[in-house]
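Reading through the structure tokens given below for one structure.
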Amino acid sequence: MPTPFPSRHAATTGAANTKPTTLNPEWRCTRCYKLLGVCRDARMHLRFKRGHEYLVGFPVQANCRGCGTLNQATSPVR
Ligand SMILES: [Zn+2]
């Protein structure tokens, strides 16, 4: 059956890839590691449900959609 299971992908992107790098400019929740936004051109790109998107400058604070933790990013990820 050609069903693409995501388990292999989840296993390969484990705890070893928590630090944001140039190749992985993701801003994630400090508690549950949920994706909060993506750093683009010295700004943070936040995406929410229903197509709402925000491009904000630093510092930026946002509540995690998963656990409600207030996260803060003080400088762009480079
Ligand atoms: Zn969270």
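Residue names in the structure tokens use chain letters A, B, ... in the order shown, residue numbers from 1 in each chain, and ligand numbers from 1 in the order shown.
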Residues within 12 Å of ligand 1, counting only C-alpha atoms and all ligand atoms, as a PyMOL selection string: chain A and resi 27-36+62-71
Nearby residues (only C-alpha atoms) at most 12 Å from region 41-46 of chain A, same-chain spacing under 6 positions excluded, as a list in words: Thr22, Pro25, Glu26, Trp27, Arg28, Leu35, His52, Glu53, Tyr54, Leu55, Val56, Gly57, Phe58, Pro59, Val60, Gln61, Ala62, Asn63, Cys64, Arg65, Gln72, Ala73, Thr74, Ser75, Pro76, Val77 and Arg78 of chain A
